[in-house]
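Here is the structure we will look at, set down as structure tokens.
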Amino acid sequence: MAISLALAAAACDPAVPPAAAVRAAAPVPADRPMRVASLNLCTDELLLALAAPEQIVSVTHLARSEAETPLWRLGRRHRRNDGTLLSVAPLRPDLVVTVGGGGRDRLRIAEQLGIATLDLPFSQSLDDVERSIRRVAAALGRPTAGEALLQRLARLEASPPATRRDALWLGGGGRTYAAHGLGAEWMALAGLAQRPVTGDRVGLETLIVSPPDVLLRSDYRVGQYSGEQKWLEHPAARHARAGRTLATDGRRWTCMGPLLIDEVERLRRELAR
């Protein structure tokens, strides 16, 4: 029933042009997907970074939020969806991109609607990030755009800082990263060695007794009142005796994808001063 309603909505929606008209008007070659939707913030960011603007038919509401992604201005150029396949079905996408799967129901619905899907795994390493860039760029028919990002990342990997400074990444509530993992790999490219911690939190005692050389503080939702942000306002967190405290754009760390290339380049410059 839900599928039938979605199809009916697509047929009746005057804002959705017929597929033939889209294909005739789009400057993108006909062998590439021309109406692509993303159902996840992380694929929103990949789509906005790699696709031709005319290929994008919808991104999630998160991609349109300044609090969630640096690409929000680009995101607001496109229709929003709520992260479900049925929310984009009336727009008649010919490709839907998402992360982490949505179960067999999503695949079955997509198949019945004639929509191709690209389901990426959550990235656990820089190698995974590179594979996701390649897969999305290939699916979009835009390998050159993908290669441009990959070359920037390759240059960072080929020119690591001579030394890596003892560091702690610090988010709301004391959240941090493991010493081995994707977050730590991005930090290493900037010249920072994430200190091993127990669990995924940094205790206030650690900041007082054994502060790092560099405290990398996320500014994600820094102006929002919440328990996690209140934790960051504790005197021990605000005045940790780190050798140096650097702010970092926490929005770029949510997905830990190619948006961190710019941040790593910036952090290298900051650390070189």
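Residues in the structure tokens are numbered from 1 in each chain, the chains being A, B, ... in the order shown, and ligands are numbered from 1 in the order shown.
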
Report as a list in words all protein, DNA and RNA residues lying within 7 Å of A:Thr117, evaluated on only C-alpha atoms, omitting residues in the same chain fewer than 4 positions from it. Leu95, Val96 and Val97 of chain A

Go through stretch 160-180 of chain A and flag each residue having an atom no more than 7 Å from stretch 203-218 of chain A; for those, report the closest pair of atoms plus their distance in Å to one decimal, using only C-alpha atoms, ordered by chain and rising number, as JSON lines.
```
{"residue": "A:Arg165", "atom": "CA", "partner": "A:Asp213", "partner_atom": "CA", "distance": 6.5}
{"residue": "A:Asp166", "atom": "CA", "partner": "A:Asp213", "partner_atom": "CA", "distance": 5.3}
{"residue": "A:Ala167", "atom": "CA", "partner": "A:Val214", "partner_atom": "CA", "distance": 4.6}
{"residue": "A:Leu168", "atom": "CA", "partner": "A:Leu215", "partner_atom": "CA", "distance": 5.2}
{"residue": "A:Trp169", "atom": "CA", "partner": "A:Leu216", "partner_atom": "CA", "distance": 4.7}
{"residue": "A:Leu170", "atom": "CA", "partner": "A:Arg217", "partner_atom": "CA", "distance": 4.8}
{"residue": "A:Gly171", "atom": "CA", "partner": "A:Ser218", "partner_atom": "CA", "distance": 5.1}
{"residue": "A:Gly174", "atom": "CA", "partner": "A:Gly203", "partner_atom": "CA", "distance": 6.6}
```

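Secondary structure by DSSP on the backbone puts the following residues of stretch 77-206 of chain A in strand (DSSP E or B): Arg79, Arg80, Asn81, Leu95, Val96, Val97, Thr98, Val99, Ala116, Thr117, Leu118, Asp119, Leu120, Arg165, Asp166, Ala167, Leu168, Trp169, Leu170, Arg175, Leu192, Ala193, Gln194 and Arg201 of chain A.
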
Counting only C-alpha atoms, which residues of stretch 50-86 of chain A sit at most 12 Å from some atom of stretch 144-157 of chain A, and what is each one's closest atom pair with its distance in Å to one decimal, listed by chain and rising residue number, as CSV?
```
residue,atom,partner,partner_atom,distance
A:Leu50,CA,A:Ala145,CA,5.6
A:Ala51,CA,A:Ala145,CA,7.9
A:Ala52,CA,A:Ala145,CA,9.3
```

Expressed in Å to a single decimal, how great is the separation between atom CA of A:Ile115 and atom CA of A:Val136? 15.8 Å

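If only C-alpha atoms are the atoms counted, then among A:Leu182, A:His61, A:Glu111, A:Val197 the closest residue to A:Glu130 is A:Leu182.
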
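Atom to atom, atom CA of A:Gly257 and atom CA of A:Arg108 stand 28.6 Å apart.
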
List every residue of stretch 58-271 of chain A that DSSP, applied to the backbone of this structure, assigns to alpha helix (DSSP H), and report them as a PDB file with N, CA and C atoms, in the first residue's frame.
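Result file states.pdb:
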```
ATOM      1  N   TRP A  72      26.214  22.909   4.194  1.00  0.00           N
ATOM      2  CA  TRP A  72      24.786  23.182   4.320  1.00  0.00           C
ATOM      3  C   TRP A  72      24.263  24.121   3.229  1.00  0.00           C
ATOM      4  N   ARG A  73      25.096  25.060   2.788  1.00  0.00           N
ATOM      5  CA  ARG A  73      24.621  25.966   1.737  1.00  0.00           C
ATOM      6  C   ARG A  73      24.348  25.200   0.446  1.00  0.00           C
ATOM      7  N   LEU A  74      25.228  24.265   0.124  1.00  0.00           N
ATOM      8  CA  LEU A  74      24.999  23.422  -1.050  1.00  0.00           C
ATOM      9  C   LEU A  74      23.783  22.533  -0.825  1.00  0.00           C
ATOM     10  N   GLY A  75      23.650  22.006   0.393  1.00  0.00           N
ATOM     11  CA  GLY A  75      22.531  21.131   0.695  1.00  0.00           C
ATOM     12  C   GLY A  75      21.197  21.818   0.507  1.00  0.00           C
ATOM     13  N   LEU A  85      13.487   5.604   2.166  1.00  0.00           N
ATOM     14  CA  LEU A  85      13.339   5.425   0.729  1.00  0.00           C
ATOM     15  C   LEU A  85      12.010   5.983   0.237  1.00  0.00           C
ATOM     16  N   LEU A  86      10.954   5.765   1.006  1.00  0.00           N
ATOM     17  CA  LEU A  86       9.646   6.237   0.574  1.00  0.00           C
ATOM     18  C   LEU A  86       9.554   7.758   0.537  1.00  0.00           C
ATOM     19  N   SER A  87      10.395   8.440   1.308  1.00  0.00           N
ATOM     20  CA  SER A  87      10.352   9.905   1.278  1.00  0.00           C
ATOM     21  C   SER A  87      10.936  10.471  -0.012  1.00  0.00           C
ATOM     22  N   VAL A  88      11.726   9.682  -0.748  1.00  0.00           N
ATOM     23  CA  VAL A  88      12.282  10.173  -2.020  1.00  0.00           C
ATOM     24  C   VAL A  88      11.619   9.517  -3.225  1.00  0.00           C
ATOM     25  N   GLY A 103      18.223  -2.853   5.557  1.00  0.00           N
ATOM     26  CA  GLY A 103      17.462  -4.088   5.648  1.00  0.00           C
ATOM     27  C   GLY A 103      16.897  -4.517   4.313  1.00  0.00           C
ATOM     28  N   ARG A 104      16.369  -5.714   4.304  1.00  0.00           N
ATOM     29  CA  ARG A 104      15.828  -6.276   3.067  1.00  0.00           C
ATOM     30  C   ARG A 104      14.611  -5.522   2.576  1.00  0.00           C
ATOM     31  N   ASP A 105      13.830  -4.941   3.505  1.00  0.00           N
ATOM     32  CA  ASP A 105      12.635  -4.213   3.090  1.00  0.00           C
ATOM     33  C   ASP A 105      12.992  -3.064   2.169  1.00  0.00           C
ATOM     34  N   ARG A 106      14.054  -2.333   2.517  1.00  0.00           N
ATOM     35  CA  ARG A 106      14.454  -1.204   1.668  1.00  0.00           C
ATOM     36  C   ARG A 106      14.863  -1.696   0.289  1.00  0.00           C
ATOM     37  N   LEU A 107      15.644  -2.767   0.237  1.00  0.00           N
ATOM     38  CA  LEU A 107      16.078  -3.290  -1.059  1.00  0.00           C
ATOM     39  C   LEU A 107      14.893  -3.784  -1.878  1.00  0.00           C
ATOM     40  N   ARG A 108      13.930  -4.420  -1.216  1.00  0.00           N
ATOM     41  CA  ARG A 108      12.763  -4.933  -1.926  1.00  0.00           C
ATOM     42  C   ARG A 108      11.920  -3.786  -2.476  1.00  0.00           C
ATOM     43  N   ILE A 109      11.735  -2.743  -1.666  1.00  0.00           N
ATOM     44  CA  ILE A 109      10.964  -1.584  -2.122  1.00  0.00           C
ATOM     45  C   ILE A 109      11.668  -0.912  -3.298  1.00  0.00           C
ATOM     46  N   ALA A 110      12.990  -0.733  -3.177  1.00  0.00           N
ATOM     47  CA  ALA A 110      13.753  -0.108  -4.260  1.00  0.00           C
ATOM     48  C   ALA A 110      13.631  -0.912  -5.550  1.00  0.00           C
ATOM     49  N   GLU A 111      13.698  -2.236  -5.426  1.00  0.00           N
ATOM     50  CA  GLU A 111      13.592  -3.092  -6.613  1.00  0.00           C
ATOM     51  C   GLU A 111      12.219  -2.945  -7.260  1.00  0.00           C
ATOM     52  N   GLN A 112      11.161  -2.914  -6.434  1.00  0.00           N
ATOM     53  CA  GLN A 112       9.814  -2.790  -6.983  1.00  0.00           C
ATOM     54  C   GLN A 112       9.594  -1.441  -7.634  1.00  0.00           C
ATOM     55  N   LEU A 113      10.280  -0.424  -7.134  1.00  0.00           N
ATOM     56  CA  LEU A 113      10.151   0.907  -7.720  1.00  0.00           C
ATOM     57  C   LEU A 113      11.119   1.141  -8.870  1.00  0.00           C
ATOM     58  N   LEU A 126      41.158   4.860   6.603  1.00  0.00           N
ATOM     59  CA  LEU A 126      41.325   5.738   5.445  1.00  0.00           C
ATOM     60  C   LEU A 126      41.178   4.971   4.143  1.00  0.00           C
ATOM     61  N   ASP A 127      41.587   3.704   4.146  1.00  0.00           N
ATOM     62  CA  ASP A 127      41.378   2.880   2.959  1.00  0.00           C
ATOM     63  C   ASP A 127      39.892   2.784   2.626  1.00  0.00           C
ATOM     64  N   ASP A 128      39.053   2.645   3.664  1.00  0.00           N
ATOM     65  CA  ASP A 128      37.607   2.585   3.446  1.00  0.00           C
ATOM     66  C   ASP A 128      37.088   3.901   2.876  1.00  0.00           C
ATOM     67  N   VAL A 129      37.603   5.019   3.380  1.00  0.00           N
ATOM     68  CA  VAL A 129      37.204   6.330   2.868  1.00  0.00           C
ATOM     69  C   VAL A 129      37.524   6.429   1.385  1.00  0.00           C
ATOM     70  N   GLU A 130      38.717   5.982   1.019  1.00  0.00           N
ATOM     71  CA  GLU A 130      39.120   6.032  -0.389  1.00  0.00           C
ATOM     72  C   GLU A 130      38.213   5.156  -1.246  1.00  0.00           C
ATOM     73  N   ARG A 131      37.884   3.965  -0.741  1.00  0.00           N
ATOM     74  CA  ARG A 131      37.005   3.076  -1.508  1.00  0.00           C
ATOM     75  C   ARG A 131      35.626   3.695  -1.698  1.00  0.00           C
ATOM     76  N   SER A 132      35.111   4.348  -0.665  1.00  0.00           N
ATOM     77  CA  SER A 132      33.793   4.971  -0.781  1.00  0.00           C
ATOM     78  C   SER A 132      33.808   6.100  -1.806  1.00  0.00           C
ATOM     79  N   ILE A 133      34.868   6.896  -1.801  1.00  0.00           N
ATOM     80  CA  ILE A 133      34.977   7.965  -2.799  1.00  0.00           C
ATOM     81  C   ILE A 133      34.966   7.378  -4.203  1.00  0.00           C
ATOM     82  N   ARG A 134      35.751   6.328  -4.400  1.00  0.00           N
ATOM     83  CA  ARG A 134      35.812   5.697  -5.729  1.00  0.00           C
ATOM     84  C   ARG A 134      34.460   5.131  -6.145  1.00  0.00           C
ATOM     85  N   ARG A 135      33.779   4.468  -5.216  1.00  0.00           N
ATOM     86  CA  ARG A 135      32.502   3.823  -5.546  1.00  0.00           C
ATOM     87  C   ARG A 135      31.438   4.855  -5.896  1.00  0.00           C
ATOM     88  N   VAL A 136      31.364   5.929  -5.117  1.00  0.00           N
ATOM     89  CA  VAL A 136      30.354   6.945  -5.398  1.00  0.00           C
ATOM     90  C   VAL A 136      30.686   7.677  -6.696  1.00  0.00           C
ATOM     91  N   ALA A 137      31.941   8.033  -6.883  1.00  0.00           N
ATOM     92  CA  ALA A 137      32.332   8.723  -8.116  1.00  0.00           C
ATOM     93  C   ALA A 137      32.041   7.858  -9.340  1.00  0.00           C
ATOM     94  N   ALA A 138      32.330   6.559  -9.241  1.00  0.00           N
ATOM     95  CA  ALA A 138      32.054   5.653 -10.361  1.00  0.00           C
ATOM     96  C   ALA A 138      30.562   5.537 -10.614  1.00  0.00           C
ATOM     97  N   ALA A 139      29.779   5.414  -9.544  1.00  0.00           N
ATOM     98  CA  ALA A 139      28.328   5.282  -9.693  1.00  0.00           C
ATOM     99  C   ALA A 139      27.708   6.524 -10.313  1.00  0.00           C
ATOM    100  N   LEU A 140      28.301   7.679 -10.043  1.00  0.00           N
ATOM    101  CA  LEU A 140      27.807   8.936 -10.589  1.00  0.00           C
ATOM    102  C   LEU A 140      28.315   9.194 -12.008  1.00  0.00           C
ATOM    103  N   PRO A 143      34.346   9.958 -12.416  1.00  0.00           N
ATOM    104  CA  PRO A 143      35.619   9.505 -11.849  1.00  0.00           C
ATOM    105  C   PRO A 143      36.638  10.618 -11.686  1.00  0.00           C
ATOM    106  N   THR A 144      36.574  11.644 -12.521  1.00  0.00           N
ATOM    107  CA  THR A 144      37.535  12.747 -12.418  1.00  0.00           C
ATOM    108  C   THR A 144      37.352  13.501 -11.103  1.00  0.00           C
ATOM    109  N   ALA A 145      36.098  13.713 -10.704  1.00  0.00           N
ATOM    110  CA  ALA A 145      35.837  14.390  -9.431  1.00  0.00           C
ATOM    111  C   ALA A 145      36.359  13.559  -8.272  1.00  0.00           C
ATOM    112  N   GLY A 146      36.163  12.237  -8.358  1.00  0.00           N
ATOM    113  CA  GLY A 146      36.680  11.367  -7.320  1.00  0.00           C
ATOM    114  C   GLY A 146      38.189  11.378  -7.265  1.00  0.00           C
ATOM    115  N   GLU A 147      38.814  11.373  -8.420  1.00  0.00           N
ATOM    116  CA  GLU A 147      40.273  11.351  -8.469  1.00  0.00           C
ATOM    117  C   GLU A 147      40.867  12.626  -7.890  1.00  0.00           C
ATOM    118  N   ALA A 148      40.196  13.743  -8.067  1.00  0.00           N
ATOM    119  CA  ALA A 148      40.703  15.006  -7.514  1.00  0.00           C
ATOM    120  C   ALA A 148      40.772  14.937  -5.990  1.00  0.00           C
ATOM    121  N   LEU A 149      39.731  14.376  -5.350  1.00  0.00           N
ATOM    122  CA  LEU A 149      39.753  14.211  -3.898  1.00  0.00           C
ATOM    123  C   LEU A 149      40.812  13.203  -3.476  1.00  0.00           C
ATOM    124  N   LEU A 150      40.909  12.112  -4.202  1.00  0.00           N
ATOM    125  CA  LEU A 150      41.870  11.070  -3.853  1.00  0.00           C
ATOM    126  C   LEU A 150      43.301  11.570  -3.970  1.00  0.00           C
ATOM    127  N   GLN A 151      43.570  12.414  -4.956  1.00  0.00           N
ATOM    128  CA  GLN A 151      44.924  12.954  -5.101  1.00  0.00           C
ATOM    129  C   GLN A 151      45.275  13.869  -3.934  1.00  0.00           C
ATOM    130  N   ARG A 152      44.307  14.649  -3.461  1.00  0.00           N
ATOM    131  CA  ARG A 152      44.575  15.500  -2.303  1.00  0.00           C
ATOM    132  C   ARG A 152      44.887  14.661  -1.068  1.00  0.00           C
ATOM    133  N   LEU A 153      44.123  13.602  -0.890  1.00  0.00           N
ATOM    134  CA  LEU A 153      44.361  12.717   0.245  1.00  0.00           C
ATOM    135  C   LEU A 153      45.707  12.016   0.104  1.00  0.00           C
ATOM    136  N   ALA A 154      46.031  11.601  -1.111  1.00  0.00           N
ATOM    137  CA  ALA A 154      47.306  10.927  -1.345  1.00  0.00           C
ATOM    138  C   ALA A 154      48.480  11.844  -1.037  1.00  0.00           C
ATOM    139  N   ARG A 155      48.348  13.134  -1.340  1.00  0.00           N
ATOM    140  CA  ARG A 155      49.434  14.070  -1.045  1.00  0.00           C
ATOM    141  C   ARG A 155      49.645  14.198   0.463  1.00  0.00           C
ATOM    142  N   LEU A 156      48.562  14.190   1.220  1.00  0.00           N
ATOM    143  CA  LEU A 156      48.695  14.238   2.678  1.00  0.00           C
ATOM    144  C   LEU A 156      49.387  12.977   3.198  1.00  0.00           C
ATOM    145  N   GLU A 157      49.001  11.835   2.661  1.00  0.00           N
ATOM    146  CA  GLU A 157      49.575  10.566   3.119  1.00  0.00           C
ATOM    147  C   GLU A 157      51.041  10.450   2.728  1.00  0.00           C
ATOM    148  N   ALA A 158      51.412  11.085   1.611  1.00  0.00           N
ATOM    149  CA  ALA A 158      52.795  10.990   1.132  1.00  0.00           C
ATOM    150  C   ALA A 158      53.725  11.992   1.813  1.00  0.00           C
ATOM    151  N   LEU A 182      39.841   5.143  12.556  1.00  0.00           N
ATOM    152  CA  LEU A 182      39.780   6.173  11.531  1.00  0.00           C
ATOM    153  C   LEU A 182      40.056   7.564  12.091  1.00  0.00           C
ATOM    154  N   GLY A 183      39.484   7.889  13.248  1.00  0.00           N
ATOM    155  CA  GLY A 183      39.743   9.205  13.831  1.00  0.00           C
ATOM    156  C   GLY A 183      41.218   9.426  14.085  1.00  0.00           C
ATOM    157  N   ALA A 184      41.871   8.401  14.644  1.00  0.00           N
ATOM    158  CA  ALA A 184      43.304   8.503  14.928  1.00  0.00           C
ATOM    159  C   ALA A 184      44.119   8.600  13.636  1.00  0.00           C
ATOM    160  N   GLU A 185      43.667   7.948  12.579  1.00  0.00           N
ATOM    161  CA  GLU A 185      44.386   8.024  11.301  1.00  0.00           C
ATOM    162  C   GLU A 185      44.339   9.442  10.736  1.00  0.00           C
ATOM    163  N   TRP A 186      43.175  10.084  10.813  1.00  0.00           N
ATOM    164  CA  TRP A 186      43.090  11.473  10.345  1.00  0.00           C
ATOM    165  C   TRP A 186      43.977  12.379  11.197  1.00  0.00           C
ATOM    166  N   MET A 187      43.971  12.141  12.513  1.00  0.00           N
ATOM    167  CA  MET A 187      44.812  12.956  13.394  1.00  0.00           C
ATOM    168  C   MET A 187      46.291  12.768  13.058  1.00  0.00           C
ATOM    169  N   ALA A 188      46.677  11.537  12.758  1.00  0.00           N
ATOM    170  CA  ALA A 188      48.075  11.266  12.415  1.00  0.00           C
ATOM    171  C   ALA A 188      48.497  12.049  11.178  1.00  0.00           C
ATOM    172  N   LEU A 189      47.593  12.187  10.200  1.00  0.00           N
ATOM    173  CA  LEU A 189      47.919  12.966   9.012  1.00  0.00           C
ATOM    174  C   LEU A 189      48.181  14.432   9.355  1.00  0.00           C
ATOM    175  N   ALA A 190      47.570  14.898  10.447  1.00  0.00           N
ATOM    176  CA  ALA A 190      47.779  16.286  10.872  1.00  0.00           C
ATOM    177  C   ALA A 190      49.022  16.447  11.730  1.00  0.00           C
ATOM    178  N   LEU A 204      37.914  13.899  33.493  1.00  0.00           N
ATOM    179  CA  LEU A 204      38.444  15.199  33.907  1.00  0.00           C
ATOM    180  C   LEU A 204      39.760  15.041  34.657  1.00  0.00           C
ATOM    181  N   GLU A 205      39.895  13.917  35.377  1.00  0.00           N
ATOM    182  CA  GLU A 205      41.134  13.676  36.115  1.00  0.00           C
ATOM    183  C   GLU A 205      42.333  13.619  35.178  1.00  0.00           C
ATOM    184  N   THR A 206      42.147  13.005  34.023  1.00  0.00           N
ATOM    185  CA  THR A 206      43.237  12.916  33.044  1.00  0.00           C
ATOM    186  C   THR A 206      43.663  14.299  32.591  1.00  0.00           C
ATOM    187  N   LEU A 207      42.688  15.168  32.343  1.00  0.00           N
ATOM    188  CA  LEU A 207      43.011  16.518  31.888  1.00  0.00           C
ATOM    189  C   LEU A 207      43.760  17.311  32.945  1.00  0.00           C
ATOM    190  N   ILE A 208      43.509  16.972  34.210  1.00  0.00           N
ATOM    191  CA  ILE A 208      44.175  17.685  35.307  1.00  0.00           C
ATOM    192  C   ILE A 208      45.557  17.106  35.594  1.00  0.00           C
ATOM    193  N   VAL A 209      45.633  15.766  35.700  1.00  0.00           N
ATOM    194  CA  VAL A 209      46.861  15.105  36.142  1.00  0.00           C
ATOM    195  C   VAL A 209      47.834  14.859  34.996  1.00  0.00           C
ATOM    196  N   GLY A 227      23.905  18.515  28.337  1.00  0.00           N
ATOM    197  CA  GLY A 227      24.812  17.940  29.321  1.00  0.00           C
ATOM    198  C   GLY A 227      26.209  17.765  28.769  1.00  0.00           C
ATOM    199  N   GLU A 228      26.315  17.351  27.516  1.00  0.00           N
ATOM    200  CA  GLU A 228      27.639  17.128  26.928  1.00  0.00           C
ATOM    201  C   GLU A 228      28.389  18.447  26.769  1.00  0.00           C
ATOM    202  N   GLN A 229      27.692  19.495  26.326  1.00  0.00           N
ATOM    203  CA  GLN A 229      28.362  20.781  26.182  1.00  0.00           C
ATOM    204  C   GLN A 229      28.682  21.392  27.540  1.00  0.00           C
ATOM    205  N   LYS A 230      27.828  21.161  28.546  1.00  0.00           N
ATOM    206  CA  LYS A 230      28.101  21.660  29.887  1.00  0.00           C
ATOM    207  C   LYS A 230      29.384  21.056  30.430  1.00  0.00           C
ATOM    208  N   TRP A 231      29.637  19.793  30.077  1.00  0.00           N
ATOM    209  CA  TRP A 231      30.862  19.113  30.518  1.00  0.00           C
ATOM    210  C   TRP A 231      32.086  19.882  30.030  1.00  0.00           C
ATOM    211  N   LEU A 232      32.024  20.366  28.794  1.00  0.00           N
ATOM    212  CA  LEU A 232      33.163  21.090  28.230  1.00  0.00           C
ATOM    213  C   LEU A 232      33.404  22.430  28.926  1.00  0.00           C
ATOM    214  N   PRO A 235      35.735  23.831  34.556  1.00  0.00           N
ATOM    215  CA  PRO A 235      37.064  24.476  34.587  1.00  0.00           C
ATOM    216  C   PRO A 235      38.202  23.554  34.177  1.00  0.00           C
ATOM    217  N   ALA A 236      38.103  22.272  34.553  1.00  0.00           N
ATOM    218  CA  ALA A 236      39.185  21.342  34.193  1.00  0.00           C
ATOM    219  C   ALA A 236      39.246  21.121  32.694  1.00  0.00           C
ATOM    220  N   ALA A 237      38.089  21.154  32.050  1.00  0.00           N
ATOM    221  CA  ALA A 237      38.064  20.979  30.595  1.00  0.00           C
ATOM    222  C   ALA A 237      38.453  22.268  29.886  1.00  0.00           C
ATOM    223  N   ARG A 238      37.991  23.400  30.415  1.00  0.00           N
ATOM    224  CA  ARG A 238      38.273  24.682  29.763  1.00  0.00           C
ATOM    225  C   ARG A 238      39.716  25.114  29.934  1.00  0.00           C
ATOM    226  N   LEU A 260      37.381  16.077   5.899  1.00  0.00           N
ATOM    227  CA  LEU A 260      38.506  16.261   6.822  1.00  0.00           C
ATOM    228  C   LEU A 260      39.815  16.585   6.106  1.00  0.00           C
ATOM    229  N   ILE A 261      39.846  16.474   4.801  1.00  0.00           N
ATOM    230  CA  ILE A 261      41.064  16.844   4.078  1.00  0.00           C
ATOM    231  C   ILE A 261      41.395  18.310   4.339  1.00  0.00           C
ATOM    232  N   ASP A 262      40.400  19.181   4.194  1.00  0.00           N
ATOM    233  CA  ASP A 262      40.615  20.607   4.469  1.00  0.00           C
ATOM    234  C   ASP A 262      41.039  20.828   5.912  1.00  0.00           C
ATOM    235  N   GLU A 263      40.419  20.102   6.851  1.00  0.00           N
ATOM    236  CA  GLU A 263      40.725  20.311   8.260  1.00  0.00           C
ATOM    237  C   GLU A 263      42.134  19.849   8.593  1.00  0.00           C
ATOM    238  N   VAL A 264      42.573  18.743   8.028  1.00  0.00           N
ATOM    239  CA  VAL A 264      43.936  18.275   8.267  1.00  0.00           C
ATOM    240  C   VAL A 264      44.941  19.284   7.720  1.00  0.00           C
ATOM    241  N   GLU A 265      44.673  19.808   6.545  1.00  0.00           N
ATOM    242  CA  GLU A 265      45.574  20.831   5.987  1.00  0.00           C
ATOM    243  C   GLU A 265      45.637  22.055   6.896  1.00  0.00           C
ATOM    244  N   ARG A 266      44.495  22.463   7.431  1.00  0.00           N
ATOM    245  CA  ARG A 266      44.473  23.614   8.341  1.00  0.00           C
ATOM    246  C   ARG A 266      45.229  23.318   9.637  1.00  0.00           C
ATOM    247  N   LEU A 267      45.007  22.138  10.200  1.00  0.00           N
ATOM    248  CA  LEU A 267      45.681  21.785  11.448  1.00  0.00           C
ATOM    249  C   LEU A 267      47.198  21.715  11.259  1.00  0.00           C
ATOM    250  N   ARG A 268      47.635  21.243  10.120  1.00  0.00           N
ATOM    251  CA  ARG A 268      49.088  21.222   9.851  1.00  0.00           C
ATOM    252  C   ARG A 268      49.654  22.638   9.896  1.00  0.00           C
ATOM    253  N   ARG A 269      48.924  23.559   9.288  1.00  0.00           N
ATOM    254  CA  ARG A 269      49.396  24.953   9.301  1.00  0.00           C
ATOM    255  C   ARG A 269      49.424  25.506  10.726  1.00  0.00           C
ATOM    256  N   GLU A 270      48.386  25.219  11.492  1.00  0.00           N
ATOM    257  CA  GLU A 270      48.328  25.695  12.871  1.00  0.00           C
ATOM    258  C   GLU A 270      49.479  25.129  13.706  1.00  0.00           C
ATOM    259  N   LEU A 271      49.751  23.841  13.561  1.00  0.00           N
ATOM    260  CA  LEU A 271      50.792  23.206  14.349  1.00  0.00           C
ATOM    261  C   LEU A 271      52.196  23.653  13.943  1.00  0.00           C
TER     262      LEU A 271
END
```

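Note that atom CA of A:Gly141 and atom CA of A:Gln55 are 10.4 Å apart.
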
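Of the residues under consideration (A:Asp44, A:Asp31, A:Arg252, A:Arg77), A:Asp44 shows the shortest atom-to-atom contact distance to A:Ala63 when counting only C-alpha atoms.
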
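Shortest atom-to-atom contact with A:Arg35 among A:Arg79, A:Arg92, A:Arg244, A:His180: A:Arg92, counting only C-alpha atoms.
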